[in-house]
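Chemist: Structure in structure tokens, see below.
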Amino acid sequence: MDKSAKELRIVYMGTPDFAVAPLRALVEGGYNVVAVVTMPDKPAGRGQKMQRSAVGEYATEQGLLLLQPEKLKSEEFVEQFTSLDVDLGIVVAFRMLPEVIWNAPKLGTFNLHASLLPQYRGAAPINWAIINGDRKSGVTTFFLNHRIDEGAIIEQAEVEITDDETAGTLHDKLMWRGTELVISSVEKIAAGGFEPLPQSADCELRPAPKIFKEDCHIDFSRKGEQIVNFVRGLSPYPAAWFALSDNLTVKVFKTHFEAAQTNYEQGTIVTDDRTFVKVACADGYIYLDELQLSGKRRMAVADLLRGFRGIGDYRAI
């Protein structure tokens with residue numbers, strides 16, 4: 001194909017905030033985004049008002065053609081998509097595409113994934129990298145094929161995971177690094193003459209399955225460093241938690257660990273009722289630095305203790 005990168009007819013597919021930055025870079029960079037595909041509007045909040053996805057909002061602001069199919073295999077959507085004469089499809093944080101869509105663009109469809117593939121295939125790569133105590137993460141662009149997150153790699157870029165990294169801060173790092181990678185991948189594909197790299201299977205793979213509320217429960221029988229990583233990997237969303245009673249839960253956003261010999265049973269809460277709350281774990285104490293009681297706002301532990309006396313009478317369960 002003898003088109004320049006900015007002449008390629010691109011359809012962009014994505015939903016959350018993470019996917020807005022690459023789309024903005026394409027639009028502001030003068031690339032030819034002929035349509036944007038996102039999730040249908042859905043009711044949200046107390047009033048159940050219809051809410052558009054972050055990508056949909058941006059596309060609407062920019063006056064881009066917006067497609068919001070309920071079913072990606074529907075005849076109507078497939079006809080709409082193919083009639084656009086697409087050169088290149090780009091997917092960032094979207095649904096699984098049927099072959100009739102990902103195989104339609106002349107140059108293929110590529111995905112931006114928030115890990116160094118083949119590691120952390122799945123829905124929650126950012127969370128799991130921190131939960132597992134990794135020291136680096138990254139982003140990968142790869143061509144879609146029949147197997148989820150297993151297509152040939154176009155480009156990769158590493159980022160460091162710092163000691164105080166959370167899922168939220170790593171999300172932002174990867175979003176900006178991923179934005180650069182999307183643009184460079186479009187340029188590379190347009191230029192041609194490169195061979196995408198098949199993903200290696202010569203290593204032990206770490207999966208990144210979707211995380212549900214029950215997966216976020218803190219197990220205080222584990223070692224302190226593991227618990228700290230677990231909290232960081234789920235902060236600020238979906239947030240690690242434990243219960244004080246059947247109807248009182250505590251979300252935890254920030255912790256630190258004190259290695260110590262303790263005679264307390266794991267899950268025992270120790271506090272001075274003014275400045276600190278710590279919970280006995282397998283090899284010391286987990287200090288709860290930022291937390292949120294059911295129905296309350298997120299706050300520092302000293303602020304919480306001013307309005308909630310007697311937390312030491314409970315156990316972390």
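Labels used: A, B, ... for chains in the order of the structure tokens, numbers from 1 for residues in each chain, and numbers from 1 for ligands as shown.
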Please identify the strand (DSSP E or B) residues within stretch 152-268 of chain A (assignment by DSSP from backbone atoms) and present them as a compact mmCIF listing (two decimals) with N, CA and C atoms, in the first residue's frame.
Modeler:
# COMPACT_ATOMS: atom_id res chain seq x y z
N ILE A 153 3.96 -9.48 17.71
CA ILE A 153 4.29 -8.20 18.34
C ILE A 153 4.86 -7.21 17.31
N ILE A 154 4.33 -5.99 17.36
CA ILE A 154 4.84 -4.90 16.53
C ILE A 154 5.95 -4.17 17.28
N GLU A 155 5.62 -3.69 18.49
CA GLU A 155 6.61 -2.96 19.31
C GLU A 155 6.32 -3.17 20.80
N GLN A 156 7.36 -2.97 21.61
CA GLN A 156 7.21 -3.00 23.07
C GLN A 156 8.02 -1.87 23.70
N ALA A 157 7.60 -1.45 24.90
CA ALA A 157 8.36 -0.45 25.66
C ALA A 157 8.22 -0.77 27.14
N GLU A 158 9.33 -0.71 27.88
CA GLU A 158 9.34 -1.01 29.31
C GLU A 158 9.14 0.25 30.14
N VAL A 159 8.55 0.08 31.34
CA VAL A 159 8.55 1.12 32.35
C VAL A 159 8.90 0.49 33.70
N GLU A 160 9.50 1.28 34.58
CA GLU A 160 9.87 0.80 35.91
C GLU A 160 8.66 0.82 36.83
N LEU A 197 6.94 -9.86 15.38
CA LEU A 197 7.65 -10.93 16.10
C LEU A 197 6.67 -11.86 16.79
N HIS A 217 -10.17 -9.34 48.77
CA HIS A 217 -10.18 -9.51 50.22
C HIS A 217 -8.76 -9.73 50.73
N ALA A 240 -8.44 -3.04 47.77
CA ALA A 240 -8.38 -4.16 48.72
C ALA A 240 -9.28 -3.85 49.91
N TRP A 241 -9.77 -4.90 50.57
CA TRP A 241 -10.68 -4.65 51.69
C TRP A 241 -10.61 -5.80 52.70
N PHE A 242 -11.10 -5.50 53.89
CA PHE A 242 -11.35 -6.54 54.90
C PHE A 242 -12.61 -6.13 55.64
N ALA A 243 -13.14 -7.02 56.45
CA ALA A 243 -14.37 -6.73 57.19
C ALA A 243 -14.06 -6.60 58.68
N LEU A 244 -14.81 -5.71 59.35
CA LEU A 244 -14.78 -5.61 60.81
C LEU A 244 -15.94 -6.38 61.41
N SER A 245 -17.00 -6.50 60.66
CA SER A 245 -18.18 -7.25 61.08
C SER A 245 -18.97 -7.60 59.82
N LEU A 248 -19.88 -4.16 58.20
CA LEU A 248 -18.92 -3.06 58.21
C LEU A 248 -17.62 -3.50 57.54
N THR A 249 -17.36 -2.95 56.35
CA THR A 249 -16.13 -3.29 55.63
C THR A 249 -15.23 -2.07 55.54
N VAL A 250 -13.96 -2.33 55.34
CA VAL A 250 -12.94 -1.28 55.24
C VAL A 250 -12.16 -1.48 53.95
N LYS A 251 -12.20 -0.46 53.08
CA LYS A 251 -11.33 -0.47 51.91
C LYS A 251 -9.98 0.12 52.31
N VAL A 252 -8.90 -0.45 51.78
CA VAL A 252 -7.55 -0.01 52.15
C VAL A 252 -6.81 0.43 50.89
N PHE A 253 -6.25 1.65 50.93
CA PHE A 253 -5.60 2.22 49.75
C PHE A 253 -4.09 2.36 49.91
N LYS A 254 -3.63 2.48 51.16
CA LYS A 254 -2.20 2.66 51.38
C LYS A 254 -1.81 2.01 52.69
N THR A 255 -0.69 1.28 52.66
CA THR A 255 -0.22 0.58 53.86
C THR A 255 1.31 0.66 53.91
N HIS A 256 1.85 0.31 55.05
CA HIS A 256 3.27 -0.03 55.10
C HIS A 256 3.46 -1.17 56.10
N PHE A 257 4.60 -1.83 56.01
CA PHE A 257 4.84 -3.06 56.76
C PHE A 257 5.94 -2.87 57.79
N GLU A 258 5.71 -3.42 58.98
CA GLU A 258 6.73 -3.45 60.02
C GLU A 258 7.02 -4.92 60.34
N ALA A 259 8.22 -5.35 60.02
CA ALA A 259 8.61 -6.72 60.37
C ALA A 259 8.79 -6.81 61.88
N THR A 268 -5.50 -9.54 64.29
CA THR A 268 -5.72 -8.72 65.48
C THR A 268 -5.39 -7.26 65.17
Chemist: Write out as a PyMOL selection string each polymer residue whose atoms come within 12 Å of stretch 273-278 of chain A, counting only C-alpha atoms; drop sequence neighbours fewer than 2 positions from it.
Modeler: chain A and resi 220+224+252+255-259+264+266-271+280-281+284-291+300-316
Chemist: Restricting the output to N, CA and C atoms, write the selected residues as a compact mmCIF listing (two decimals), in the first residue's frame.
Modeler:
# COMPACT_ATOMS: atom_id res chain seq x y z
N PHE A 220 -4.80 -11.69 56.06
CA PHE A 220 -3.76 -11.27 56.99
C PHE A 220 -2.90 -12.43 57.49
N GLY A 224 3.88 -9.80 55.21
CA GLY A 224 3.63 -8.37 55.09
C GLY A 224 3.90 -7.79 53.72
N VAL A 252 -8.90 -0.45 51.78
CA VAL A 252 -7.55 -0.01 52.15
C VAL A 252 -6.81 0.43 50.89
N THR A 255 -0.69 1.28 52.66
CA THR A 255 -0.22 0.58 53.86
C THR A 255 1.31 0.66 53.91
N HIS A 256 1.85 0.31 55.05
CA HIS A 256 3.27 -0.03 55.10
C HIS A 256 3.46 -1.17 56.10
N PHE A 257 4.60 -1.83 56.01
CA PHE A 257 4.84 -3.06 56.76
C PHE A 257 5.94 -2.87 57.79
N GLU A 258 5.71 -3.42 58.98
CA GLU A 258 6.73 -3.45 60.02
C GLU A 258 7.02 -4.92 60.34
N ALA A 259 8.22 -5.35 60.02
CA ALA A 259 8.61 -6.72 60.37
C ALA A 259 8.79 -6.81 61.88
N TYR A 264 0.48 -11.75 68.79
CA TYR A 264 -0.93 -11.56 68.42
C TYR A 264 -1.35 -12.55 67.34
N GLN A 266 -3.06 -13.54 63.94
CA GLN A 266 -3.17 -12.80 62.67
C GLN A 266 -4.59 -12.25 62.51
N GLY A 267 -4.67 -10.96 62.13
CA GLY A 267 -5.97 -10.29 62.01
C GLY A 267 -6.30 -9.45 63.22
N THR A 268 -5.50 -9.54 64.29
CA THR A 268 -5.72 -8.72 65.48
C THR A 268 -5.39 -7.26 65.17
N ILE A 269 -6.27 -6.36 65.58
CA ILE A 269 -6.08 -4.92 65.33
C ILE A 269 -5.47 -4.28 66.58
N VAL A 270 -4.38 -3.54 66.37
CA VAL A 270 -3.70 -2.84 67.45
C VAL A 270 -3.71 -1.34 67.10
N THR A 271 -4.09 -0.49 68.04
CA THR A 271 -4.19 0.94 67.77
C THR A 271 -3.98 1.75 69.04
N ALA A 280 -1.99 -7.42 62.80
CA ALA A 280 -1.00 -8.50 62.85
C ALA A 280 -1.13 -9.39 61.62
N CYS A 281 0.02 -9.69 61.01
CA CYS A 281 0.05 -10.59 59.85
C CYS A 281 1.07 -11.68 60.12
N GLY A 284 4.69 -9.86 61.11
CA GLY A 284 4.77 -8.52 61.67
C GLY A 284 3.43 -7.82 61.64
N TYR A 285 3.47 -6.51 61.27
CA TYR A 285 2.25 -5.70 61.28
C TYR A 285 2.08 -4.95 59.96
N ILE A 286 0.84 -4.88 59.52
CA ILE A 286 0.47 -4.03 58.41
C ILE A 286 -0.17 -2.76 58.98
N TYR A 287 0.45 -1.60 58.72
CA TYR A 287 -0.11 -0.32 59.13
C TYR A 287 -1.10 0.14 58.06
N LEU A 288 -2.29 0.51 58.49
CA LEU A 288 -3.31 1.00 57.57
C LEU A 288 -3.20 2.52 57.50
N ASP A 289 -2.64 3.04 56.41
CA ASP A 289 -2.35 4.48 56.32
C ASP A 289 -3.50 5.28 55.71
N GLU A 290 -4.14 4.74 54.68
CA GLU A 290 -5.31 5.39 54.07
C GLU A 290 -6.39 4.35 53.88
N LEU A 291 -7.61 4.67 54.35
CA LEU A 291 -8.67 3.67 54.31
C LEU A 291 -10.03 4.35 54.21
N ALA A 300 -7.04 9.62 55.66
CA ALA A 300 -5.87 9.17 56.41
C ALA A 300 -6.32 8.57 57.73
N VAL A 301 -5.51 7.66 58.27
CA VAL A 301 -5.93 6.91 59.45
C VAL A 301 -6.19 7.84 60.65
N ALA A 302 -5.40 8.90 60.82
CA ALA A 302 -5.61 9.81 61.96
C ALA A 302 -6.97 10.50 61.86
N ASP A 303 -7.38 10.85 60.64
CA ASP A 303 -8.70 11.46 60.45
C ASP A 303 -9.81 10.47 60.78
N LEU A 304 -9.61 9.23 60.37
CA LEU A 304 -10.61 8.21 60.65
C LEU A 304 -10.78 8.02 62.16
N LEU A 305 -9.65 7.99 62.88
CA LEU A 305 -9.71 7.71 64.32
C LEU A 305 -10.38 8.84 65.11
N ARG A 306 -10.38 10.04 64.57
CA ARG A 306 -11.07 11.13 65.27
C ARG A 306 -12.57 10.91 65.33
N GLY A 307 -13.11 10.19 64.34
CA GLY A 307 -14.55 9.99 64.31
C GLY A 307 -14.99 8.56 64.57
N PHE A 308 -14.02 7.64 64.74
CA PHE A 308 -14.37 6.23 64.93
C PHE A 308 -13.53 5.66 66.06
N ARG A 309 -14.14 5.57 67.23
CA ARG A 309 -13.45 5.04 68.41
C ARG A 309 -13.71 3.54 68.54
N GLY A 310 -12.75 2.86 69.11
CA GLY A 310 -12.96 1.46 69.45
C GLY A 310 -12.67 0.48 68.33
N ILE A 311 -11.89 0.91 67.31
CA ILE A 311 -11.59 -0.02 66.21
C ILE A 311 -10.78 -1.21 66.72
N GLY A 312 -10.04 -1.00 67.81
CA GLY A 312 -9.24 -2.09 68.38
C GLY A 312 -10.08 -3.18 69.03
N ASP A 313 -11.37 -2.92 69.20
CA ASP A 313 -12.27 -3.95 69.76
C ASP A 313 -12.70 -4.98 68.69
N TYR A 314 -12.38 -4.65 67.41
CA TYR A 314 -12.74 -5.54 66.31
C TYR A 314 -11.55 -6.41 65.92
N ARG A 315 -11.82 -7.36 65.03
CA ARG A 315 -10.77 -8.12 64.36
C ARG A 315 -10.90 -7.86 62.86
N ALA A 316 -9.77 -7.95 62.15
CA ALA A 316 -9.80 -7.83 60.69
C ALA A 316 -10.13 -9.21 60.13
Chemist: Using 12 Å as the limit and counting only C-alpha atoms, can you tabulate each residue of stretch 164-243 of chain A that touches stretch 145-148 of chain A, with its shortest atom-to-atom distance in Å and the two atoms involved, as JSON lines?
Modeler:
{"residue": "A:Pro198", "atom": "CA", "partner": "A:Asn145", "partner_atom": "CA", "distance": 11.5}
{"residue": "A:Gln199", "atom": "CA", "partner": "A:Arg147", "partner_atom": "CA", "distance": 11.7}
{"residue": "A:Pro207", "atom": "CA", "partner": "A:Ile148", "partner_atom": "CA", "distance": 12.0}
Chemist: Pull N, CA and C atoms from the residues just selected and write them as a PDB file, in the first residue's frame.
Modeler:
ATOM      1  N   PRO A 198       6.673 -13.150  16.462  1.00  0.00           N
ATOM      2  CA  PRO A 198       5.783 -14.079  17.182  1.00  0.00           C
ATOM      3  C   PRO A 198       6.093 -14.079  18.677  1.00  0.00           C
ATOM      4  N   GLN A 199       5.069 -14.208  19.504  1.00  0.00           N
ATOM      5  CA  GLN A 199       5.278 -14.223  20.950  1.00  0.00           C
ATOM      6  C   GLN A 199       5.970 -15.508  21.382  1.00  0.00           C
ATOM      7  N   PRO A 207      -0.631 -15.112  34.306  1.00  0.00           N
ATOM      8  CA  PRO A 207      -1.902 -14.642  33.744  1.00  0.00           C
ATOM      9  C   PRO A 207      -2.368 -13.358  34.430  1.00  0.00           C
TER      10      PRO A 207
END
Chemist: Calculated over only C-alpha atoms, which of the candidates A:Leu88, A:Ala5, A:Val78, A:Ile161 has the smallest distance to A:Gly138?
Modeler: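 Of A:Leu88, A:Ala5, A:Val78, A:Ile161, the one nearest A:Gly138, counting only C-alpha atoms, is A:Ile161.
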Chemist: Might you pull out every residue within 10 Å of stretch 24-38 of chain A, with only C-alpha atoms counted and same-chain residues fewer than 4 positions away left off, and present them as number ranges by chain?
Modeler: A: 4-16, 19-20, 52-60, 62-70, 72, 81, 84-86, 88-91, 93-95, 179-180, 182-183, 186
Chemist: Counting only C-alpha atoms, which of A:Leu112, A:Cys216, A:Glu75, A:Arg232 gets nearest to A:Arg177?
Modeler: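 Selected residue with least distance to A:Arg177: A:Leu112.
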Chemist: Could you check how far atom CA of A:Ile317 sits from atom CA of A:Asn247, in Å to one decimal?
Modeler: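 The value is 11.8 Å.
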Chemist: One number please: atom CA of A:Thr140 to atom CA of A:Arg206, in Å, one decimal.
Modeler: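 Going from atom CA of A:Thr140 over to atom CA of A:Arg206 covers 15.6 Å.
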Chemist: As number ranges by chain, please: all residues of stretch 115-190 of chain A that backbone DSSP puts in helix (DSSP H, G or I).
Modeler: A: 125-131, 167-190
Chemist: Which distance in Å separates atom CA of A:Pro196 and atom CA of A:Ile130, to one decimal?
Modeler: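 That distance, rounded to one decimal, is 28.2 Å.
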Chemist: Just checking: using only C-alpha atoms, which residue out of A:Ser235, A:Ser185, A:Ser200, A:Gln261 ends up closest to A:Thr166?
Modeler: A:Ser235
Chemist: Give me, as a short mmCIF file (atom, residue, chain, number, x, y, z; two decimals) with C-alpha atoms, in the first residue's frame, all polymer residues having an atom no more than 9 Å from A:Met1, counting only C-alpha atoms and skipping those fewer than 5 positions away in the same chain.
Modeler:
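After the write, around_25.cif holds the following:
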data_model
loop_
_atom_site.label_atom_id
_atom_site.label_comp_id
_atom_site.auth_asym_id
_atom_site.auth_seq_id
_atom_site.Cartn_x
_atom_site.Cartn_y
_atom_site.Cartn_z
CA LYS A 106 -6.37 -4.05 4.67
CA LEU A 107 -3.31 -3.76 6.96
CA ALA A 190 2.57 2.38 7.07
CA GLY A 192 6.17 -1.52 5.81
#
Chemist: I'd like the neighbourhood of A:Gly108 as number ranges by chain, where a residue qualifies if any of its atoms comes within 8 Å (using only C-alpha atoms), though same-chain residues fewer than 2 positions away should be ignored.
Modeler: A: 87-89, 102-106, 110, 143-144
Chemist: Using only C-alpha atoms, can you tell me which of A:Glu61, A:Glu265, A:Glu150, A:Asp2 comes closest to A:Ala201?
Modeler: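 Answer, going by the shortest atom-to-atom distance: A:Glu150.
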